[in-house]
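Quick notes on the structure that follows.
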Amino acid sequence: MSLGLNYKNEQHIFDEIEGETPYLSFSLLRSTGLVRHGFSTRLGGVSEGCFSSLNLSFDRGDNPEAVAENFRRIGDAIGVRCEDMVLSQQTHTTNIRIVTEEDRGKGIVRERDYTDVDGLVTNIPGICLVTSYADCVPLYFLDPVKKVIALSHSGWRGTAGRIGEKTVQVMKEQFGSSPKDILAAVGPSVCMDCYEVSADVAERFKESFDEEHWEKLFYQKPDGKYQLDLWSANEQIFLEAGIRAEHIAVTNVCTHCNSRILYSHRAMGDARGNLCAFLALK
């Protein structure tokens, strides 16, 4: 039985992993056999009201016990323990933290001792990186040669700041990764059709991307507003960082178009839960 998602095209990018707590999984990453990973939905949790049902945020006013149970459920589904999760502390920066053994459990079962972290990188098997979403773009990275993984949160600020490229740079400098070996994925997030931005945001993207790419990334409407394509922008950042085109998977699932199944800030406002991306080396 399908989750009932509305896909923007027929390209097979995701496996829909069904069960009591369903989630989405990238075929590109699953095929390596090296990681456990997923992207959550709203389904299969215990939260109620506007948080219904698999809210994965302790910071939105939900019952903390319900959120903890939701993390346990999605962890069991993916095959990771809450005690092994490490959660980002997102503030739309391009700051990236190298996750060590000492970080295991932070943000889930232990207090975080860091702030302003939108990207996580590790080479430690068993540690599960976790980042949070409700329209912004999750970026997954796997170096199958050096056995390094990363997750980065890329809203418009992170995309304009090229957090994807900066994540690759950290993998290169700290772990010896070669961009040509890295597999990268752009996860479920708001699509171009649903993402209207102001002129000042478009100007930031003009500063961050060569003019030859502008037509693909955004267009101006008669009212002076723009429609922005964060999917194509992050794909371009991957390519410019040296990742091979055949090693890139770009989502065809919009959170706003699928707000019945996925939380969307633009569709639901502040009265909502959060989705999460999960990635762990086996």
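Scheme for the structure tokens: letters A, B, ... for chains in order shown; per-chain residue numbers from 1; ligand numbers from 1 in order shown.
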Mind checking which residues fall within 10 Å of region 22-31 of chain A, counting only C-alpha atoms, ignoring those fewer than 3 positions away in the same chain, and posting them as a PyMOL selection string?
chain A and resi 3+12-19+34-45+73-74+77-78+140-142+144+183-188+246-251+277-279
Sorted per-residue table, region 144-211 of chain A near region 114-130 of chain A, closest atoms and distance, 7 Å, only C-alpha atoms, as CSV:
residue,atom,partner,partner_atom,distance
A:Lys147,CA,A:Asn123,CA,6.0
A:Val148,CA,A:Asn123,CA,4.5
A:Ile149,CA,A:Thr122,CA,5.7
A:Ala150,CA,A:Val121,CA,4.2
A:Leu151,CA,A:Leu120,CA,5.4
A:Ser152,CA,A:Gly119,CA,4.0
A:His153,CA,A:Asp118,CA,5.3
Please measure the separation of CA of Gln236 (chain A) and CA of Ala160 (chain A), giving the value in Å to one decimal.
11.5 Å
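For region 256-268 of chain A, the set of protein, DNA and RNA residues having any atom at most 7 Å away, when counting only C-alpha atoms and skipping those fewer than 2 positions along the same chain, is Leu5, Asn6, Thr41, Arg42, Leu43, Ala134, Asp135, Val190, Cys194, Cys254, Asp270, Ala271, Arg272, Gly273, Asn274 and Leu275 of chain A.
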Could you give me, as a PyMOL selection string, the residues within 12 Å of His92 (chain A), counting only C-alpha atoms and dropping anything in the same chain fewer than 2 positions from it?
chain A and resi 88-90+94-96+115-119+131-133+136-137+152-163
Which parts of region 14-56 of chain A does DSSP call alpha helix (DSSP H) when run on the backbone here, written out as an MDAnalysis selection string?
chainID A and resid 27:30
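The two atoms in question, CA of Ala241 (chain A) and CA of Glu165 (chain A), are spaced 5.3 Å apart.
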